[in-house]
Amino acid sequence: MSLTVASWNINSVRLRSRQVGLFLDRYRPDVLCLQETKCPDNRFPLKPFRARGYSDVLLNGQKGYHGVATLSRRPFLATNKRDFCGKGDARHAAVTIPDAGGEVTLHNVYVPSGGDVPDPTVNDKFAHKLAFLDEMKAWLNGSETDRPAILVGDLNVAPHPADVWSHKQLLDVVSHTPVETERLNALQAVGDWTDAIRHFAPPEEKVFTWWSYRARDWRASNRGRRLDHIWVTRPLAGRLESAEIVSATRSWKRPSDHVPVVVRIGSA
DNA sequence: ATGGCTAACAACGTTAGA
């Protein structure tokens, strides 16, 4: 049986629970990972998920901002939430689910955006982002490499030149600076992760998952970035079947500025 | 270089997003 995983920075799950329902009806992922739920756990809108068979739910939310949630049609065998940088903020949820006669661990991560100024000595948010990426690397250093594992989320870094609308113009813009892209690429390499989206797109093809709210016409200006990612470890890489960026949701009424990414992993 | 938008909330401005 194949495994379909989706990740979506929803930018307020309460405001867009209806949109999430439409997405689930169309794509039927086995697991949906949300980021920026902006919702305390006791106010999370569970009904649309339960109604569609997503009975296993791991919430790591907080009031007002950040927050992640993992919702699954397969049962959780184990769950975990990690506190990065000792901040006590809601940026990680891990679940283990049955798959192909064994099990898969799935990490749902929301990396800090990093503020405006790409200088850690004057911008605490950027310092936090770099420290977060460093901690992720130390934590994932080989721990999942040989096991079936998936890492998804809004990593807030567009690692490759074709992951932004203009490589040259974004080299000094937070999300695409060399200190960020080098860190993300290093942590990907040390865990031997396969970038499932790039796996299906040639390196020169522009691929985006986020478009600013500030453009008059997001599609016409197309100044996007690829900030949302799905990575898999080697035991799963050979089973990758497809990857899709669901950019249609960006044109829905009152959309999130991020769109879903969906990856299908075939039977073992 | 600038400007422009959206969301939450001790809510009509501030903080956060990227």
# chains A, B, ... in the order shown; residues from 1 in each chain; ligands from 1
>>> residues_around(residues="A:Arg223", least_positions_apart="6", cutoff="9 Å", atoms="only C-alpha atoms (C1' of nucleotides)", output="JSON, numbers by chain")
{"A": [164, 165, 166, 208, 210, 211, 212, 215]}
>>> write_last_selection(atoms="C-alpha atoms", output="mmCIF file, in the first residue's frame")
data_model
loop_
_atom_site.group_PDB
_atom_site.id
_atom_site.type_symbol
_atom_site.label_atom_id
_atom_site.label_comp_id
_atom_site.auth_asym_id
_atom_site.auth_seq_id
_atom_site.Cartn_x
_atom_site.Cartn_y
_atom_site.Cartn_z
ATOM 1 C CA VAL A 164 13.659 31.538 -5.876
ATOM 2 C CA TRP A 165 12.436 33.874 -8.618
ATOM 3 C CA SER A 166 15.822 35.627 -8.774
ATOM 4 C CA PHE A 208 7.963 27.624 -5.651
ATOM 5 C CA TRP A 210 5.182 30.381 -1.374
ATOM 6 C CA TRP A 211 4.142 33.665 -2.950
ATOM 7 C CA SER A 212 3.957 36.937 -1.013
ATOM 8 C CA ALA A 215 1.965 41.197 -5.010
#
>>> interface_residues(of="chain B", to="chain A", cutoff="7 Å", atoms="only C-alpha atoms (C1' of nucleotides)", output="list in words")
DG4, DC5, DT6, DA8 and DA18 of chain B
>>> residues_around(residues="A:Asn42", least_positions_apart="2", cutoff="10 Å", atoms="only C-alpha atoms (C1' of nucleotides)", output="VMD selection string")
chain A and resid 39 to 40 44 to 46 59 61 to 62
>>> write_last_selection(atoms="N, CA and C atoms", output="JSON list (two decimals), in the first residue's frame")
[["chain", "number", "residue", "atom", "x", "y", "z"],
["A", 39, "CYS", "N", -2.90, 28.43, 16.79],
["A", 39, "CYS", "CA", -4.09, 27.96, 17.49],
["A", 39, "CYS", "C", -3.70, 27.14, 18.73],
["A", 40, "PRO", "N", -4.20, 27.51, 19.90],
["A", 40, "PRO", "CA", -3.95, 26.67, 21.08],
["A", 40, "PRO", "C", -4.61, 25.30, 20.87],
["A", 44, "PHE", "N", -8.32, 23.83, 18.60],
["A", 44, "PHE", "CA", -8.05, 23.30, 17.25],
["A", 44, "PHE", "C", -9.35, 22.73, 16.66],
["A", 45, "PRO", "N", -9.68, 23.08, 15.41],
["A", 45, "PRO", "CA", -10.92, 22.59, 14.78],
["A", 45, "PRO", "C", -10.78, 21.15, 14.31],
["A", 46, "LEU", "N", -11.11, 20.20, 15.17],
["A", 46, "LEU", "CA", -10.89, 18.79, 14.85],
["A", 46, "LEU", "C", -11.96, 18.18, 13.95],
["A", 59, "LEU", "N", -1.12, 17.44, 18.18],
["A", 59, "LEU", "CA", -1.12, 18.90, 18.14],
["A", 59, "LEU", "C", 0.04, 19.44, 18.96],
["A", 61, "GLY", "N", 0.52, 23.25, 19.47],
["A", 61, "GLY", "CA", 0.13, 24.62, 19.14],
["A", 61, "GLY", "C", 0.40, 25.58, 20.28],
["A", 62, "GLN", "N", 0.23, 26.85, 19.99],
["A", 62, "GLN", "CA", 0.32, 27.88, 21.00],
["A", 62, "GLN", "C", -0.54, 29.05, 20.52]]
>>> residues_around(residues="A:Ser2", least_positions_apart="5", cutoff="7 Å", atoms="only C-alpha atoms (C1' of nucleotides)", output="JSON, numbers by chain")
{"A": [264, 265, 266, 267]}
>>> atom_distance(atom1="atom CA of A:Arg147", atom2="atom CA of A:Asp228")
22.5 Å
>>> atom_distance(atom1="atom CA of A:Trp218", atom2="atom CA of A:His258")
11.6 Å
>>> closest_atom_pairs(of="stretch 122-230 of chain A", to="stretch 88-109 of chain A", cutoff="10 Å", atoms="only C-alpha atoms", output="Markdown table")
| residue | atom | partner | partner_atom | distance |
| --- | --- | --- | --- | --- |
| A:Met136 | CA | A:Val109 | CA | 9.9 |
| A:Glu144 | CA | A:Thr105 | CA | 8.6 |
| A:Arg147 | CA | A:Val104 | CA | 7.8 |
| A:Pro148 | CA | A:Val104 | CA | 5.1 |
| A:Ala149 | CA | A:Thr105 | CA | 4.8 |
| A:Ile150 | CA | A:Leu106 | CA | 4.7 |
| A:Leu151 | CA | A:His107 | CA | 4.7 |
| A:Val152 | CA | A:Asn108 | CA | 5.1 |
| A:Gly153 | CA | A:Val109 | CA | 4.8 |
| A:Asp154 | CA | A:Val109 | CA | 6.5 |
| A:Leu155 | CA | A:Val109 | CA | 7.0 |
| A:Asp228 | CA | A:Val109 | CA | 9.9 |
| A:His229 | CA | A:Val109 | CA | 9.8 |
| A:Ile230 | CA | A:Asn108 | CA | 9.4 |
>>> atom_distance(atom1="atom CA of A:Leu240", atom2="atom CA of A:Arg73")
19.9 Å
>>> closest_residue(among="A:Val262, A:Lys253, A:Gly67, A:Ser72", to="A:Gln19", atoms="only C-alpha atoms")
A:Lys253
>>> select_by_dssp(residues="stretch 27-263 of chain A", states="alpha helix (DSSP H)", output="ChimeraX atom specification")
/A:27,47-50,124-140,167-170,178-190,196-199,218-221,234-237
